[in-house]
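Listing of structure_31.cif, mmCIF, C-alpha atoms
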```cif
data_coords
loop_
_atom_site.group_PDB
_atom_site.id
_atom_site.type_symbol
_atom_site.label_atom_id
_atom_site.label_comp_id
_atom_site.auth_asym_id
_atom_site.auth_seq_id
_atom_site.Cartn_x
_atom_site.Cartn_y
_atom_site.Cartn_z
ATOM 1 C CA MET A 10 39.725 23.148 337.643
ATOM 2 C CA SER A 11 40.313 26.456 339.396
ATOM 3 C CA PRO A 12 37.312 28.569 340.431
ATOM 4 C CA ARG A 13 36.245 31.310 338.045
ATOM 5 C CA HIS A 14 34.693 34.547 339.252
ATOM 6 C CA LEU A 15 32.154 36.754 337.555
ATOM 7 C CA LEU A 16 31.199 39.967 339.333
ATOM 8 C CA ALA A 17 28.355 42.102 338.070
ATOM 9 C CA THR A 18 29.038 45.798 338.585
ATOM 10 C CA ASP A 19 25.933 47.978 338.717
ATOM 11 C CA LEU A 20 26.493 51.157 336.755
ATOM 12 C CA ARG A 21 24.762 54.437 336.352
ATOM 13 C CA ALA A 22 22.614 54.275 333.263
ATOM 14 C CA SER A 23 23.885 56.325 330.384
ATOM 15 C CA ASN A 24 20.559 58.050 329.903
ATOM 16 C CA ARG A 25 17.357 58.606 331.820
ATOM 17 C CA CYS A 26 15.437 56.057 329.766
ATOM 18 C CA LEU A 27 17.234 53.283 331.654
ATOM 19 C CA GLU A 28 17.311 52.740 335.403
ATOM 20 C CA LYS A 29 20.769 51.219 335.497
ATOM 21 C CA SER A 30 23.227 49.291 333.433
ATOM 22 C CA ARG A 31 25.527 46.423 334.291
ATOM 23 C CA GLY A 32 29.202 45.801 333.666
ATOM 24 C CA PHE A 33 31.163 42.613 334.329
ATOM 25 C CA LEU A 34 34.492 41.823 335.956
ATOM 26 C CA ILE A 35 35.790 38.362 335.016
ATOM 27 C CA ALA A 36 38.625 36.582 336.849
ATOM 28 C CA ALA A 37 39.923 33.146 337.817
ATOM 29 C CA ASP A 38 42.045 32.075 340.775
ATOM 30 C CA ASN A 39 44.740 30.565 338.561
ATOM 31 C CA TRP A 40 45.069 33.513 336.164
ATOM 32 C CA LYS A 41 48.399 35.294 336.226
ATOM 33 C CA VAL A 42 46.786 38.474 334.932
ATOM 34 C CA ARG A 43 44.388 40.924 336.488
ATOM 35 C CA PRO A 44 40.665 40.564 335.723
ATOM 36 C CA LEU A 45 38.909 41.434 332.475
ATOM 37 C CA TYR A 46 36.390 44.279 332.684
ATOM 38 C CA ILE A 47 33.430 44.816 330.333
ATOM 39 C CA THR A 48 31.705 48.142 330.995
ATOM 40 C CA GLY A 49 28.228 47.502 329.626
ATOM 41 C CA ASP A 50 26.072 50.326 328.251
ATOM 42 C CA THR A 51 27.219 53.379 330.178
ATOM 43 C CA VAL A 52 29.238 56.550 329.830
ATOM 44 C CA TRP A 53 32.265 57.633 331.877
ATOM 45 C CA TYR A 54 31.518 58.430 335.514
ATOM 46 C CA ASP A 55 33.202 57.934 338.901
ATOM 47 C CA GLY A 56 31.803 54.400 339.348
ATOM 48 C CA ILE A 57 34.113 53.159 336.599
ATOM 49 C CA ALA A 58 37.056 54.836 338.318
ATOM 50 C CA GLU A 59 36.021 52.978 341.478
ATOM 51 C CA VAL A 60 36.193 49.643 339.615
ATOM 52 C CA ALA A 61 39.700 50.618 338.469
ATOM 53 C CA ARG A 62 40.770 51.518 342.027
ATOM 54 C CA ARG A 63 39.301 48.388 343.625
ATOM 55 C CA PHE A 64 40.102 45.726 341.051
ATOM 56 C CA GLY A 65 42.312 46.988 338.248
ATOM 57 C CA ALA A 66 42.107 45.082 334.987
ATOM 58 C CA SER A 67 44.453 43.702 332.384
ATOM 59 C CA LEU A 68 41.894 44.102 329.601
ATOM 60 C CA VAL A 69 39.077 46.660 329.507
ATOM 61 C CA MET A 70 36.245 46.430 326.988
ATOM 62 C CA PRO A 71 34.208 49.651 327.004
ATOM 63 C CA PHE A 72 30.967 49.821 325.057
ATOM 64 C CA ALA A 73 31.742 52.768 322.810
ATOM 65 C CA GLY A 74 30.553 54.324 319.544
ATOM 66 C CA ALA A 75 28.607 57.170 321.238
ATOM 67 C CA ALA A 76 25.321 55.421 320.477
ATOM 68 C CA ARG A 77 22.329 57.750 320.309
ATOM 69 C CA THR A 78 18.899 56.203 320.342
ATOM 70 C CA ARG A 79 16.903 59.179 321.648
ATOM 71 C CA GLY A 80 17.918 62.809 321.480
ATOM 72 C CA PRO A 81 21.431 64.041 322.258
ATOM 73 C CA LEU A 82 22.171 61.546 325.068
ATOM 74 C CA HIS A 83 24.747 58.822 324.515
ATOM 75 C CA LEU A 84 23.812 55.260 325.371
ATOM 76 C CA THR A 85 27.474 54.196 325.140
ATOM 77 C CA MET A 86 30.815 55.920 325.608
ATOM 78 C CA ASP A 87 32.188 58.493 323.236
ATOM 79 C CA THR A 88 35.874 58.890 322.398
ATOM 80 C CA ASN A 89 36.530 61.149 325.396
ATOM 81 C CA ASP A 90 34.932 58.603 327.731
ATOM 82 C CA VAL A 91 37.125 55.809 326.350
ATOM 83 C CA ILE A 92 40.193 58.002 326.928
ATOM 84 C CA GLU A 93 39.070 58.432 330.562
ATOM 85 C CA VAL A 94 38.772 54.638 330.835
ATOM 86 C CA ALA A 95 42.294 54.218 329.459
ATOM 87 C CA ASN A 96 43.607 56.708 332.007
ATOM 88 C CA ALA A 97 41.758 55.026 334.892
ATOM 89 C CA PHE A 98 43.218 51.615 333.933
ATOM 90 C CA PRO A 99 46.754 52.765 333.024
ATOM 91 C CA ASP A 100 48.224 49.308 332.361
ATOM 92 C CA ALA A 101 45.244 47.741 330.611
ATOM 93 C CA ILE A 102 44.754 46.932 326.954
ATOM 94 C CA VAL A 103 41.589 48.703 325.728
ATOM 95 C CA VAL A 104 39.284 46.904 323.286
ATOM 96 C CA PRO A 105 36.249 49.052 322.441
ATOM 97 C CA LEU A 106 33.046 47.144 321.686
ATOM 98 C CA HIS A 107 29.906 48.351 319.855
ATOM 99 C CA VAL A 108 31.879 50.776 317.697
ATOM 100 C CA ASP A 109 30.887 49.730 314.192
ATOM 101 C CA GLY A 110 27.926 48.338 312.323
ATOM 102 C CA TRP A 111 24.841 50.079 313.729
ATOM 103 C CA ALA A 112 23.061 53.172 312.478
ATOM 104 C CA HIS A 113 22.693 54.687 315.971
ATOM 105 C CA LEU A 114 26.485 54.921 316.452
ATOM 106 C CA THR A 115 27.889 58.418 315.997
ATOM 107 C CA GLN A 116 31.595 57.582 316.384
ATOM 108 C CA SER A 117 33.694 54.745 314.996
ATOM 109 C CA GLY A 118 36.660 52.691 316.041
ATOM 110 C CA GLU A 119 38.724 54.836 313.707
ATOM 111 C CA ASP A 120 37.684 57.947 315.673
ATOM 112 C CA ILE A 121 38.890 56.298 318.873
ATOM 113 C CA ALA A 122 42.118 55.148 317.196
ATOM 114 C CA ALA A 123 42.883 58.663 315.934
ATOM 115 C CA SER A 124 42.398 60.142 319.410
ATOM 116 C CA PHE A 125 44.452 57.425 321.097
ATOM 117 C CA SER A 126 47.246 57.982 318.577
ATOM 118 C CA ILE A 127 47.339 61.743 319.179
ATOM 119 C CA LEU A 128 47.514 61.190 322.953
ATOM 120 C CA GLY A 129 50.210 58.508 322.779
ATOM 121 C CA LEU A 130 47.819 55.729 323.870
ATOM 122 C CA GLY A 131 47.731 53.898 320.537
ATOM 123 C CA SER A 132 49.878 50.971 321.687
ATOM 124 C CA ARG A 133 47.204 50.018 324.233
ATOM 125 C CA LEU A 134 44.255 50.044 321.809
ATOM 126 C CA ARG A 135 43.010 46.995 319.929
ATOM 127 C CA LEU A 136 40.175 47.366 317.432
ATOM 128 C CA LEU A 137 38.290 44.204 316.575
ATOM 129 C CA GLN A 138 37.354 43.362 313.002
ATOM 130 C CA SER A 139 34.274 41.272 312.345
ATOM 131 C CA GLY A 140 35.111 37.604 311.849
ATOM 132 C CA ILE A 141 38.853 38.024 312.428
ATOM 133 C CA PRO A 142 40.333 36.545 315.628
ATOM 134 C CA THR A 143 42.447 39.029 317.594
ATOM 135 C CA THR A 144 45.232 37.952 319.948
ATOM 136 C CA VAL A 145 45.821 40.228 322.919
ATOM 137 C CA GLU A 146 48.997 39.924 324.976
ATOM 138 C CA LEU A 147 48.259 40.660 328.624
ATOM 139 C CA ARG A 148 50.876 41.548 331.201
ATOM 140 C CA GLU A 149 51.256 39.156 334.079
ATOM 141 C CA THR A 150 50.627 40.452 337.591
#
```
Just give me the structure as structure tokens.
Amino acid sequence: MSPRHLLATDLRASNRCLEKSRGFLIAADNWKVRPLYITGDTVWYDGIAEVARRFGASLVMPFAGAARTRGPLHLTMDTNDVIEVANAFPDAIVVPLHVDGWAHLTQSGEDIAASFSILGLGSRLRLLQSGIPTTVELRET
């Protein structure tokens, strides 16, 4: 069995109530695709661009939905942040997580889909539906 790699990426917390957040980069030596990247609870900032520059990714899973638990600060990315992620990882498939099903979310997967469509990014977006398996074709490196 080939070694697998899991790298925790410390992130700036999305609001002052949290010290920091953590994202994850997942890879294996025998994969023919770039790593998978899960952002964790954060918003867009230069640290995510640094992950894109250093590692790239074939699949990026940003925590989105513009969650608001206290005041006007987002705990997770809003639509504009997810667009920044898509631009930072120009060849990656984008699968937003945390976009539906909770009262503290202020944007939906449909909001992200509409924005991606307008900007010509729709072919790279995959929205998950609860209980339905989703196949994602990843480009080989």
**Given only C-alpha atoms as the counted atoms, nearest of A:Leu134, A:Ala75, A:Val60, A:Leu82 to Val104 (chain A)** =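 Under the stated criterion, the closest residue is A:Leu134.
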Residues near Arg63 (chain A), anyone? I mean within 12 Å using only C-alpha atoms, not counting same-chain ones fewer than 2 positions away, as a PyMOL selection string. chain A and resi 18+34+43-44+56-61+65-66+97-98
Residues from last step as file, C-alpha atoms, as a compact mmCIF listing (two decimals), in the frame of the given file:
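Below you can see result_21.txt, which holds the result:
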```txt
# COMPACT_ATOMS: atom_id res chain seq x y z
CA THR A 18 29.04 45.80 338.58
CA LEU A 34 34.49 41.82 335.96
CA ARG A 43 44.39 40.92 336.49
CA PRO A 44 40.66 40.56 335.72
CA GLY A 56 31.80 54.40 339.35
CA ILE A 57 34.11 53.16 336.60
CA ALA A 58 37.06 54.84 338.32
CA GLU A 59 36.02 52.98 341.48
CA VAL A 60 36.19 49.64 339.62
CA ALA A 61 39.70 50.62 338.47
CA GLY A 65 42.31 46.99 338.25
CA ALA A 66 42.11 45.08 334.99
CA ALA A 97 41.76 55.03 334.89
CA PHE A 98 43.22 51.62 333.93
```
### Task
Check which residues satisfy the PyMOL selection byres ((chain A and resi 94) around 10) in the file shown, then give them as a VMD selection string.
chain A and resid 48 52 to 54 57 to 58 61 69 to 71 86 88 to 93 95 to 99 101 103
Determine the residue set returned by the PyMOL selection byres ((chain A and resi 116) around 12) for the present structure, and present it as a PDB file with C-alpha atoms, in the frame of the given file.
```pdb
ATOM      1  CA  PHE A  72      30.967  49.821 325.057  1.00  0.00           C
ATOM      2  CA  ALA A  73      31.742  52.768 322.810  1.00  0.00           C
ATOM      3  CA  GLY A  74      30.553  54.324 319.544  1.00  0.00           C
ATOM      4  CA  ALA A  75      28.607  57.170 321.238  1.00  0.00           C
ATOM      5  CA  ALA A  76      25.321  55.421 320.477  1.00  0.00           C
ATOM      6  CA  ARG A  77      22.329  57.750 320.309  1.00  0.00           C
ATOM      7  CA  HIS A  83      24.747  58.822 324.515  1.00  0.00           C
ATOM      8  CA  THR A  85      27.474  54.196 325.140  1.00  0.00           C
ATOM      9  CA  MET A  86      30.815  55.920 325.608  1.00  0.00           C
ATOM     10  CA  ASP A  87      32.188  58.493 323.236  1.00  0.00           C
ATOM     11  CA  THR A  88      35.874  58.890 322.398  1.00  0.00           C
ATOM     12  CA  ASN A  89      36.530  61.149 325.396  1.00  0.00           C
ATOM     13  CA  ASP A  90      34.932  58.603 327.731  1.00  0.00           C
ATOM     14  CA  VAL A  91      37.125  55.809 326.350  1.00  0.00           C
ATOM     15  CA  PRO A 105      36.249  49.052 322.441  1.00  0.00           C
ATOM     16  CA  LEU A 106      33.046  47.144 321.686  1.00  0.00           C
ATOM     17  CA  HIS A 107      29.906  48.351 319.855  1.00  0.00           C
ATOM     18  CA  VAL A 108      31.879  50.776 317.697  1.00  0.00           C
ATOM     19  CA  ASP A 109      30.887  49.730 314.192  1.00  0.00           C
ATOM     20  CA  GLY A 110      27.926  48.338 312.323  1.00  0.00           C
ATOM     21  CA  TRP A 111      24.841  50.079 313.729  1.00  0.00           C
ATOM     22  CA  ALA A 112      23.061  53.172 312.478  1.00  0.00           C
ATOM     23  CA  HIS A 113      22.693  54.687 315.971  1.00  0.00           C
ATOM     24  CA  LEU A 114      26.485  54.921 316.452  1.00  0.00           C
ATOM     25  CA  THR A 115      27.889  58.418 315.997  1.00  0.00           C
ATOM     26  CA  SER A 117      33.694  54.745 314.996  1.00  0.00           C
ATOM     27  CA  GLY A 118      36.660  52.691 316.041  1.00  0.00           C
ATOM     28  CA  GLU A 119      38.724  54.836 313.707  1.00  0.00           C
ATOM     29  CA  ASP A 120      37.684  57.947 315.673  1.00  0.00           C
ATOM     30  CA  ILE A 121      38.890  56.298 318.873  1.00  0.00           C
ATOM     31  CA  ALA A 122      42.118  55.148 317.196  1.00  0.00           C
ATOM     32  CA  ALA A 123      42.883  58.663 315.934  1.00  0.00           C
ATOM     33  CA  SER A 124      42.398  60.142 319.410  1.00  0.00           C
TER      34      SER A 124
END
```
Expressed in Å, the length from CA of Asp100 (chain A) to CA of Ser67 (chain A) is 6.8 Å
Name all residues at most 9 Å from Glu146 (chain A) (count only C-alpha atoms; drop same-chain ones fewer than 2 positions away) and give them as a list in words.
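My list of contacting residues is Ile102, Thr144 and Arg148 of chain A.
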Taking C-alpha atoms for each residue, export the selection above as an mmCIF file, in the coordinates of the input.
```cif
data_model
loop_
_atom_site.group_PDB
_atom_site.id
_atom_site.type_symbol
_atom_site.label_atom_id
_atom_site.label_comp_id
_atom_site.auth_asym_id
_atom_site.auth_seq_id
_atom_site.Cartn_x
_atom_site.Cartn_y
_atom_site.Cartn_z
ATOM 1 C CA ILE A 102 44.754 46.932 326.954
ATOM 2 C CA THR A 144 45.232 37.952 319.948
ATOM 3 C CA ARG A 148 50.876 41.548 331.201
#
```
In Å and to one decimal, CA of Pro81 (chain A) is distant from CA of Arg31 (chain A) by 21.7 Å
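Relative to CA of Leu128 (chain A), CA of Phe64 (chain A) is found at 24.9 Å.
Considering only C-alpha atoms, the residue among A:Arg135, A:Ile127, A:Arg62, A:Leu68 positioned nearest to Tyr46 (chain A) is A:Leu68.
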